[in-house]
Amino acid sequence: MNENHFKVSVVMPVFNGMPYFPEAMDSILHQTLKEIEILVVDAGSTDGTREYVTQIAEMDARVRLLFSEKKSMGYQYNLGICNAKGKYIGFCESDDYMELSAYENIYKAAEDNQYPDVVKSDFCFFITRDCGELSLYYSTFLRKYGNLYEKTISAKSYPFLLLRDINIWNGIYKREFLEEKGILFNETLGAAFQDAGFILQVHITAGSEYFLQQAYYHYRKDNEGASVYKKEIYKYALWELEYMIDWLEQNEQYAELWAHMVLERLFCLFAGFYGNYYLKNKEKTCSELLKLQKKVRSLYQTHSDNLRSELQKIPFLMLFLENTELFAQAVVQKAKHTLQELSGFGDVVKKAKRVIIFGCGESGQSLLAMLLKNRYEGEICFCDNNQEKWKEKIMGYPVVSVERACKEWGSASFLVPGSSLYWKKMKMQILKNGVCTENIVVAPFVGPHSSMEVHWNVSSLY
């Protein structure tokens, strides 16, 4: 195939990817869009991955095997980007897979809409079970913003994109746009959060983005070798935060408008993981914190009162700027509280023969995913005030009215998602329908990105 006719270049970083990598590779090789090139960037695999790709490349000229000098996913992605020849660039991780029509449908959306800088779609998180996959659908736009699907938009008009669309692999990016803006990945060692800085740069600089309301990408959540389970995961978040602060300083035209959104995304991520790490390991890392403090303080002091006002709203940030020791104590206390809350919740739910989850939206589905991840064996049902949902099944489980649930199963444990803005109203509605207070359980905060990582006795909710 003429390399000038590639519509999408798919970059696949890998390091000792077996046994998951063949599934990922097959899902790209058999895409219905044939005008693609596949750039596999190997960082020195010793488990047969490299030989596997070599054999495929000998049979399919679209496949190229590149060799990475560093065991850095960011470096591998950048190597792929620099070698890509397609009009758009997409990414697939070595333990995930894609629907076979993914790139055809996503690229067609680009063609039909004057080739936006970015075209993305919804996706699914999944874990494997003996009976099949447990899958959790992720909607980029919740009901309030559902009208933004299939429209050309930008983060300048909808800044919440920086906090809502935080992954790279569920879409394609115009190569010309990435080159013009100089957007690349952070090249820190390892494989965690280098995509966070990349997607933030994309949203901040893109003039046009287009979103599809279909899930084409399947993101694995049960690979115990994944970097999110590493002991010092907080360092990856810290490095990415430093990287983006440096980027904002080098691109001052964006700092005033976007610095608070960048810190809301990355500082909160770092603070959560750091609290967990410090709680479990009791190790001080003062030099790292002081270096980061200096960078954040400089950003805080050199911009307008309006930006400082926005930064003051970020949890723990002001305490971090004043005293890193007190900051460490505060995030450890939060981590401890979260662990206790989760453990207590698990103890209650494991004893319940039936649970009713109030609300079948994102919060309720995330709570269900956490229950199933932890192999809850009792009966499960949703209750919801949306009458349109009463005849549906969500993730395979029935939905009934709140009144019916309270009347027929009042002795069950009613789970109110703590991540919902309306949990107090939910609790009051259940009480008014005759359910005893002791049968109402406010669940710990859990979101779709973390729900399938949570064990009952592990504080891993950030």
# chains A, B, ... in the order shown; residues from 1 in each chain; ligands from 1
>>> residues_around(residues="Ile36 of chain A", least_positions_apart="2", cutoff="8 Å", atoms="only C-alpha atoms", output="PDB file with N, CA and C atoms, in the first residue's frame")
ATOM      1  N   PHE A   6      -2.126   6.225   3.752  1.00  0.00           N
ATOM      2  CA  PHE A   6      -2.542   5.793   5.076  1.00  0.00           C
ATOM      3  C   PHE A   6      -3.483   6.828   5.683  1.00  0.00           C
ATOM      4  N   LYS A   7      -4.628   6.368   6.119  1.00  0.00           N
ATOM      5  CA  LYS A   7      -5.575   7.281   6.764  1.00  0.00           C
ATOM      6  C   LYS A   7      -5.284   7.396   8.262  1.00  0.00           C
ATOM      7  N   VAL A   8      -4.889   6.282   8.882  1.00  0.00           N
ATOM      8  CA  VAL A   8      -4.595   6.283  10.316  1.00  0.00           C
ATOM      9  C   VAL A   8      -3.310   5.499  10.565  1.00  0.00           C
ATOM     10  N   SER A   9      -2.432   6.066  11.351  1.00  0.00           N
ATOM     11  CA  SER A   9      -1.265   5.351  11.872  1.00  0.00           C
ATOM     12  C   SER A   9      -1.578   4.951  13.309  1.00  0.00           C
ATOM     13  N   VAL A  10      -1.524   3.659  13.599  1.00  0.00           N
ATOM     14  CA  VAL A  10      -1.832   3.173  14.936  1.00  0.00           C
ATOM     15  C   VAL A  10      -0.529   2.870  15.664  1.00  0.00           C
ATOM     16  N   LEU A  33     -11.225  -0.713   8.300  1.00  0.00           N
ATOM     17  CA  LEU A  33     -10.469   0.305   7.577  1.00  0.00           C
ATOM     18  C   LEU A  33      -9.106  -0.280   7.250  1.00  0.00           C
ATOM     19  N   LYS A  34      -8.834  -0.491   5.989  1.00  0.00           N
ATOM     20  CA  LYS A  34      -7.594  -1.161   5.594  1.00  0.00           C
ATOM     21  C   LYS A  34      -6.436  -0.194   5.384  1.00  0.00           C
ATOM     22  N   ILE A  38       0.515   0.102  11.154  1.00  0.00           N
ATOM     23  CA  ILE A  38       0.571  -0.311  12.543  1.00  0.00           C
ATOM     24  C   ILE A  38       2.019  -0.242  13.006  1.00  0.00           C
ATOM     25  N   ARG A  62       1.822  -3.593   6.295  1.00  0.00           N
ATOM     26  CA  ARG A  62       1.360  -2.423   7.045  1.00  0.00           C
ATOM     27  C   ARG A  62       1.979  -2.355   8.439  1.00  0.00           C
ATOM     28  N   GLY A  86       0.417   8.468   8.538  1.00  0.00           N
ATOM     29  CA  GLY A  86      -1.013   8.612   8.305  1.00  0.00           C
ATOM     30  C   GLY A  86      -1.505  10.032   8.494  1.00  0.00           C
TER      31      GLY A  86
END
>>> select_by_dssp(residues="segment 10-94 of chain A", states="strand (DSSP E)", output="PDB file with C-alpha atoms, in the first residue's frame")
ATOM      1  CA  VAL A  10      -1.832   3.173  14.936  1.00  0.00           C
ATOM      2  CA  VAL A  11       0.940   3.374  17.543  1.00  0.00           C
ATOM      3  CA  MET A  12       1.195   0.366  19.865  1.00  0.00           C
ATOM      4  CA  PRO A  13       3.870   0.550  22.609  1.00  0.00           C
ATOM      5  CA  VAL A  14       4.733  -2.802  24.160  1.00  0.00           C
ATOM      6  CA  ILE A  36      -3.840   1.955   8.216  1.00  0.00           C
ATOM      7  CA  GLU A  37      -0.270   1.392   9.271  1.00  0.00           C
ATOM      8  CA  ILE A  38       0.571  -0.311  12.543  1.00  0.00           C
ATOM      9  CA  LEU A  39       3.652   0.898  14.397  1.00  0.00           C
ATOM     10  CA  VAL A  40       4.595  -1.518  17.175  1.00  0.00           C
ATOM     11  CA  VAL A  41       7.224   0.095  19.412  1.00  0.00           C
ATOM     12  CA  ASP A  42       8.998  -2.529  21.509  1.00  0.00           C
ATOM     13  CA  VAL A  63       3.105  -3.546  10.248  1.00  0.00           C
ATOM     14  CA  ARG A  64       6.401  -1.954  11.274  1.00  0.00           C
ATOM     15  CA  LEU A  65       8.407  -2.949  14.332  1.00  0.00           C
ATOM     16  CA  LEU A  66      10.325  -0.082  15.937  1.00  0.00           C
ATOM     17  CA  PHE A  67      12.859  -0.515  18.722  1.00  0.00           C
ATOM     18  CA  TYR A  88      -4.394  10.790  11.694  1.00  0.00           C
ATOM     19  CA  ILE A  89      -2.663   9.012  14.566  1.00  0.00           C
ATOM     20  CA  GLY A  90      -4.349   6.600  16.962  1.00  0.00           C
ATOM     21  CA  PHE A  91      -3.088   4.647  19.954  1.00  0.00           C
TER      22      PHE A  91
END
>>> residues_around(residues="Ser411 of chain A", least_positions_apart="6", cutoff="10 Å", atoms="only C-alpha atoms", output="PyMOL selection string")
chain A and resi 352-355+405+435-436+438-440
>>> closest_residue(among="A:Ile380, A:Leu189, A:Ile204, A:Ile199", to="Ser154 of chain A", atoms="only C-alpha atoms")
A:Ile204
>>> residues_around(residues="Leu100 of chain A", least_positions_apart="6", cutoff="8 Å", atoms="only C-alpha atoms", output="MDAnalysis selection string")
chainID A and resid 27:28 30:32
